[in-house]
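Structure file entry_37.txt (compact mmCIF, C-alpha atoms) is printed below.
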# COMPACT_ATOMS: atom_id res chain seq x y z
CA MET H 1 172.59 73.69 5.52
CA GLU H 2 170.03 71.59 7.33
CA ILE H 3 167.83 68.51 7.35
CA ILE H 4 164.49 69.32 5.71
CA SER H 5 163.06 65.86 6.35
CA LEU H 6 164.24 62.69 8.08
CA ASN H 7 162.82 59.57 6.41
CA VAL H 8 162.86 55.89 7.32
CA GLY H 9 160.94 52.77 6.38
CA ARG H 10 161.07 48.99 6.19
CA PRO H 11 160.97 47.22 2.82
CA VAL H 12 157.54 46.67 1.28
CA THR H 13 156.32 44.49 -1.57
CA VAL H 14 154.84 46.31 -4.58
CA ASP H 15 153.84 45.43 -8.12
CA TYR H 16 156.35 46.01 -10.90
CA ARG H 17 155.31 45.03 -14.40
CA GLY H 18 152.97 42.38 -13.07
CA LYS H 19 155.45 40.83 -10.66
CA PRO H 20 156.04 41.36 -6.93
CA LEU H 21 159.01 43.55 -6.06
CA GLU H 22 160.42 44.05 -2.58
CA THR H 23 161.90 47.52 -2.13
CA GLY H 24 162.99 49.91 0.58
CA ILE H 25 162.38 53.05 -1.48
CA TYR H 26 159.04 53.78 0.19
CA LYS H 27 160.30 55.67 3.22
CA THR H 28 158.20 58.21 5.12
CA PRO H 29 159.06 61.32 7.14
CA VAL H 30 159.31 60.86 10.90
CA ASP H 31 158.99 63.28 13.78
CA GLY H 32 161.44 63.52 16.62
CA SER H 33 164.94 62.11 16.84
CA VAL H 34 166.03 58.80 15.33
CA GLN H 35 169.07 56.77 16.37
CA LEU H 36 171.68 56.29 13.66
CA HIS H 37 174.01 53.30 13.86
CA THR H 38 176.89 52.27 11.61
CA ASN H 39 174.56 50.36 9.27
CA GLY H 40 171.74 52.91 9.19
CA PHE H 41 168.78 54.35 11.07
CA VAL H 42 166.69 52.45 13.57
CA GLY H 43 163.43 51.55 11.81
CA ASP H 44 164.96 51.68 8.35
CA GLY H 45 165.87 48.85 6.00
CA GLN H 46 166.76 47.78 2.47
CA ALA H 47 165.43 44.88 0.43
CA ASP H 48 168.45 44.35 -1.84
CA LEU H 49 171.41 44.18 0.50
CA LYS H 50 173.80 43.44 -2.36
CA HIS H 51 173.32 46.90 -3.87
CA HIS H 52 171.95 48.92 -0.95
CA GLY H 53 172.81 49.47 2.67
CA GLY H 54 175.94 48.57 4.61
CA PRO H 55 178.44 50.89 6.32
CA ASP H 56 179.43 52.74 3.12
CA LYS H 57 175.76 53.42 2.32
CA ALA H 58 174.38 53.92 5.80
CA VAL H 59 172.64 57.21 4.95
CA CYS H 60 171.20 58.32 1.62
CA ALA H 61 170.93 62.09 1.14
CA TYR H 62 168.99 63.96 -1.55
CA PRO H 63 168.89 67.75 -2.09
CA ILE H 64 165.51 69.46 -1.81
CA GLU H 65 166.81 71.87 -4.48
CA HIS H 66 166.09 69.23 -7.17
CA TYR H 67 162.48 68.64 -6.20
CA SER H 68 161.00 71.49 -8.26
CA TYR H 69 162.71 70.19 -11.42
CA TRP H 70 161.36 66.68 -10.93
CA GLU H 71 157.89 67.99 -10.11
CA GLN H 72 157.87 69.71 -13.50
CA GLN H 73 159.18 66.62 -15.28
CA LEU H 74 156.81 64.20 -13.56
CA GLY H 75 153.81 66.52 -13.47
CA LYS H 76 153.02 65.97 -9.81
CA LYS H 77 153.78 67.19 -6.32
CA LEU H 78 156.53 65.18 -4.66
CA GLU H 79 156.48 64.28 -0.99
CA TYR H 80 159.67 64.10 1.04
CA SER H 81 161.71 60.95 0.39
CA ALA H 82 160.50 60.92 -3.20
CA PHE H 83 163.81 59.30 -4.17
CA GLY H 84 164.01 56.98 -1.18
CA GLU H 85 166.45 59.20 0.68
CA ASN H 86 166.93 59.07 4.43
CA ILE H 87 167.67 62.77 4.69
CA THR H 88 166.21 65.43 2.44
CA THR H 89 168.72 68.26 2.67
CA THR H 90 169.22 71.87 1.73
CA GLY H 91 172.59 73.43 0.92
CA LEU H 92 174.37 70.26 -0.23
CA LEU H 93 174.64 69.92 -4.01
CA GLU H 94 176.42 67.14 -5.89
CA THR H 95 178.63 69.63 -7.72
CA GLU H 96 179.91 71.03 -4.41
CA VAL H 97 179.97 68.08 -2.02
CA CYS H 98 183.16 66.02 -2.29
CA ILE H 99 184.04 62.45 -1.41
CA GLY H 100 185.49 62.38 2.10
CA ASP H 101 183.80 65.56 3.30
CA VAL H 102 182.76 65.20 6.94
CA TYR H 103 179.58 66.69 8.41
CA GLU H 104 178.20 66.89 11.91
CA ILE H 105 174.44 66.42 12.04
CA GLY H 106 172.73 66.26 15.42
CA THR H 107 175.06 64.19 17.57
CA THR H 108 176.38 62.16 14.62
CA LEU H 109 179.44 62.55 12.43
CA LEU H 110 179.06 61.48 8.79
CA GLN H 111 181.42 61.20 5.82
CA VAL H 112 180.49 61.33 2.14
CA SER H 113 181.32 57.97 0.55
CA GLN H 114 179.89 57.83 -3.01
CA PRO H 115 177.16 59.05 -5.37
CA ARG H 116 173.77 57.43 -5.24
CA TYR H 117 173.49 55.52 -8.54
CA PRO H 118 169.81 55.33 -9.57
CA CYS H 119 168.13 51.99 -10.22
CA PHE H 120 164.86 50.89 -11.81
CA LYS H 121 163.01 51.12 -8.49
CA ILE H 122 162.56 54.86 -8.87
CA SER H 123 160.77 54.07 -12.14
CA GLN H 124 158.47 51.71 -10.27
CA LYS H 125 157.69 54.48 -7.79
CA HIS H 126 157.19 57.35 -10.21
CA GLY H 127 156.32 55.79 -13.60
CA PRO H 128 158.74 56.78 -16.40
CA ALA H 129 160.89 53.82 -17.44
CA ASP H 130 163.75 56.14 -18.34
CA LEU H 131 163.79 57.96 -15.00
CA PRO H 132 167.13 56.45 -13.91
CA ALA H 133 168.65 57.68 -17.18
CA GLN H 134 167.16 61.13 -16.57
CA VAL H 135 168.72 61.21 -13.10
CA LEU H 136 172.11 60.34 -14.57
CA ASP H 137 171.77 62.92 -17.35
CA THR H 138 170.95 65.70 -14.89
CA GLY H 139 173.45 64.62 -12.25
CA TYR H 140 170.69 65.03 -9.65
CA SER H 141 171.65 61.76 -8.01
CA GLY H 142 172.01 62.40 -4.31
CA PHE H 143 174.79 60.67 -2.39
CA TYR H 144 175.63 58.29 0.43
CA LEU H 145 177.37 58.84 3.75
CA ARG H 146 179.06 56.51 6.21
CA VAL H 147 178.77 56.91 9.97
CA LEU H 148 181.93 57.97 11.79
CA ARG H 149 180.11 58.62 15.06
CA GLU H 150 176.76 57.11 15.95
CA GLY H 151 174.09 59.30 17.50
CA MET H 152 170.72 60.98 17.01
CA ILE H 153 169.41 62.99 14.07
CA SER H 154 166.21 65.05 13.81
CA THR H 155 164.41 66.99 11.10
CA GLY H 156 165.60 70.59 11.31
CA ASP H 157 169.10 69.69 12.50
CA ALA H 158 171.85 71.90 11.16
CA ILE H 159 174.43 70.30 8.87
CA VAL H 160 177.85 71.55 9.89
CA LYS H 161 180.88 70.85 7.74
CA LYS H 162 183.79 69.71 9.90
CA GLU H 163 186.41 68.56 7.38
CA ASN H 164 187.15 68.66 3.68
CA GLY H 165 187.89 65.41 1.89
CA ASP H 166 191.43 64.56 0.82
CA SER H 167 190.65 65.39 -2.81
CA ASN H 168 188.49 67.70 -4.86
CA ALA H 169 186.51 64.75 -6.24
CA SER H 170 182.93 66.00 -6.19
CA VAL H 171 179.98 63.63 -6.12
CA ALA H 172 179.11 64.85 -9.62
CA HIS H 173 182.60 64.05 -10.90
CA VAL H 174 182.56 60.53 -9.50
CA LEU H 175 179.06 59.92 -10.90
CA HIS H 176 180.32 60.99 -14.33
CA LEU H 177 183.16 58.48 -14.12
CA MET H 178 180.77 55.72 -13.01
CA GLN H 179 178.41 56.44 -15.88
CA VAL H 180 180.29 57.50 -19.02
CA GLY H 181 183.85 58.19 -17.89
CA LEU H 182 185.24 54.70 -17.46
CA GLN H 183 187.75 55.33 -20.25
CA GLU H 184 189.26 58.27 -18.36
CA GLU H 185 192.03 56.14 -16.90
CA ALA H 186 194.05 58.96 -15.36
CA ALA H 187 191.03 60.12 -13.37
CA LEU H 188 190.19 56.57 -12.31
CA ALA H 189 193.78 56.00 -11.19
CA GLU H 190 193.53 58.98 -8.86
CA LEU H 191 190.24 57.88 -7.34
CA VAL H 192 191.25 54.29 -6.60
CA LYS H 193 193.75 55.77 -4.15
CA LEU H 194 191.02 57.72 -2.34
CA GLU H 195 190.32 55.74 0.83
CA ALA H 196 187.15 57.70 1.62
CA LEU H 197 185.55 56.47 -1.62
CA SER H 198 183.39 53.41 -1.04
CA ALA H 199 184.94 50.01 -1.68
CA VAL H 200 182.26 49.19 -4.27
CA VAL H 201 183.12 52.18 -6.45
CA ARG H 202 186.87 51.81 -5.95
CA ASN H 203 186.64 48.17 -7.04
CA LYS H 204 184.57 49.16 -10.07
CA PHE H 205 187.34 51.53 -11.11
CA ARG H 206 190.12 49.06 -10.21
CA LYS H 207 188.47 46.40 -12.40
CA GLN H 208 188.35 48.88 -15.28
CA LEU H 209 192.07 49.52 -14.79
CA GLY H 210 192.88 45.81 -14.63
CA MET H 211 193.74 45.94 -10.93
CA PRO H 212 192.78 43.36 -8.27
CA GLU H 213 189.93 44.16 -5.91
CA ILE H 214 190.65 45.55 -2.46
File written out as C-alpha cells:
Amino acid sequence: MEIISLNVGRPVTVDYRGKPLETGIYKTPVDGSVQLHTNGFVGDGQADLKHHGGPDKAVCAYPIEHYSYWEQQLGKKLEYSAFGENITTTGLLETEVCIGDVYEIGTTLLQVSQPRYPCFKISQKHGPADLPAQVLDTGYSGFYLRVLREGMISTGDAIVKKENGDSNASVAHVLHLMQVGLQEEAALAELVKLEALSAVVRNKFRKQLGMPEI
C-alpha cells in the first residue's frame, strides 16, 4: 500500500452550463513533501466549505485501481487527481477499508471517516452528466480521512495500517446506506453509534431514524 500521487490545488473558476463555477476539484500532482494539518494540506483548498473540507474530510483518497475502468468508460487517459483526490493510492479498496481504520503515512496518522459522495463537479470536469450516478453504481467512490497526527506526506510514501476500526463497516457498506439503504434501520442504528464515522453522515442517519443531531 502506498501513495501513487500527492495532489493539491486552490479553487478555480470554470464554466458549467454557461455559468461560472468555483471548484477545488482541479488539483495537480506535487513533488516533494507537503505539510498536512488538521484541516488539510498546505496549498490545498475547497470552494464549497459546506460540503467539502473540515477535519472529518481533511484528506480525500482515491484508488488507482479504478482508473482503468474510468478510462474505458470516458474514452480518455486520466491524469492523477482525476476525481479531485488529495492522495491517489494503491492497495486500499472501498470494499476492504473500514470506517475507523487508522493508517500511518509519512509522519502523519490518519483515520478513515466516511465515503466520498460524488457531486456534479466531476461531471463538469469529465463531461457525462450521469457520472456521479455511475460512481455510486460502481461503488468506486474513494473516501475521506481525518488527521490524528499532523506531519508530512510525500508521493511514494508507504501506507501502513496501525489499527482496525471498531466495526466492520466498510466504506462500500456505508456508501450503500447513504445512497439506497436509508430504509435499513437496523444497520443505520448500528452506525450512528460509531464515533469514528463523520458527524455529517451520522446526523444523516440519525435524521432518518428520527433522532436529534449530535
Exercise for the section: Counting all atoms listed in the file, figure out which residue out of H:Gln35, H:Ile64, H:Gly84, H:Gly210 gets nearest to Pro11 in chain H. Expected result: H:Gly84
Handout entry: Among listed residues H:Tyr16, H:Tyr26, H:Tyr62, H:Tyr117, nearest Ala133 in chain H (using all atoms listed in the file)
Key =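 Using all atoms listed in the file, Ala133 in chain H sits closest to H:Tyr117.
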At a cut-off of 9 Å, using all atoms listed in the file, what residues contact range 103-110 of chain H? Leave out same-chain residues fewer than 4 positions from it and give the result as a PDB file with C-alpha atoms, keeping the file's coordinate frame.
ATOM      1  CA  GLU H   2     170.030  71.590   7.330  1.00  0.00           C
ATOM      2  CA  ILE H   3     167.830  68.510   7.350  1.00  0.00           C
ATOM      3  CA  SER H  33     164.940  62.110  16.840  1.00  0.00           C
ATOM      4  CA  LEU H  36     171.680  56.290  13.660  1.00  0.00           C
ATOM      5  CA  VAL H  59     172.640  57.210   4.950  1.00  0.00           C
ATOM      6  CA  LEU H 145     177.370  58.840   3.750  1.00  0.00           C
ATOM      7  CA  ARG H 146     179.060  56.510   6.210  1.00  0.00           C
ATOM      8  CA  VAL H 147     178.770  56.910   9.970  1.00  0.00           C
ATOM      9  CA  LEU H 148     181.930  57.970  11.790  1.00  0.00           C
ATOM     10  CA  ARG H 149     180.110  58.620  15.060  1.00  0.00           C
ATOM     11  CA  GLU H 150     176.760  57.110  15.950  1.00  0.00           C
ATOM     12  CA  GLY H 151     174.090  59.300  17.500  1.00  0.00           C
ATOM     13  CA  MET H 152     170.720  60.980  17.010  1.00  0.00           C
ATOM     14  CA  ILE H 153     169.410  62.990  14.070  1.00  0.00           C
ATOM     15  CA  SER H 154     166.210  65.050  13.810  1.00  0.00           C
ATOM     16  CA  ASP H 157     169.100  69.690  12.500  1.00  0.00           C
ATOM     17  CA  ALA H 158     171.850  71.900  11.160  1.00  0.00           C
ATOM     18  CA  ILE H 159     174.430  70.300   8.870  1.00  0.00           C
ATOM     19  CA  VAL H 160     177.850  71.550   9.890  1.00  0.00           C
ATOM     20  CA  LYS H 161     180.880  70.850   7.740  1.00  0.00           C
ATOM     21  CA  LYS H 162     183.790  69.710   9.900  1.00  0.00           C
ATOM     22  CA  GLU H 163     186.410  68.560   7.380  1.00  0.00           C
TER      23      GLU H 163
END
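Non-sequential neighbours of Asn168 in chain H (distance at most 10 Å, separation of 4 or more positions within a chain, all atoms listed in the file) are Glu96, Val97, Cys98, Ile99, Gly100, Asp101, Asn164 and His173 of chain H.
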Practice task
Dump as a ChimeraX atom specification all residues having an atom at most 9 Å from (163.9, 66.1, -16.1), computed in the file's coordinates with all atoms listed in the file.
Solution key: /H:69-74,131,134-135,137-138
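Using only C-alpha atoms, the smallest distance between any of H:Val180, H:Ser167, H:Val174, H:Val34 and Lys193 in chain H comes from H:Ser167.
Nearest to Tyr140 in chain H of all the residues H:Leu93, H:Val102, H:Val192, H:Val14 is H:Leu93, based on all atoms listed in the file.
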Practice task
Could you check how far CA of His66 in chain H sits from CA of Gly91 in chain H, in Å to one decimal?
Solution key: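 One can read the CA of His66 in chain H to CA of Gly91 in chain H distance as 11.2 Å.
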Completion exercise
Atom pair CA of Glu22 in chain H + CA of Cys60 in chain H, distance 18.4 Å
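Using all atoms listed in the file, the nearest neighbour of Thr95 in chain H within the list H:Pro20, H:Gly165, H:Pro55, H:Gly139 is H:Gly139.
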Completion exercise
Min atom-atom distance to His176 in chain H from the set H:Gly32, H:Pro132, H:Pro115, H:Pro212, counting all atoms listed in the file, belongs to H:Pro115
Problem - CA of Gly127 in chain H to CA of Leu182 in chain H, distance in Å rounded to a single decimal - result: 29.2 Å
Problem - Nearby residues (all atoms listed in the file) at most 9 Å from Ile214 in chain H, same-chain spacing under 5 positions excluded, as an MDAnalysis selection string - result: chainID H and resid 199 202:203 206
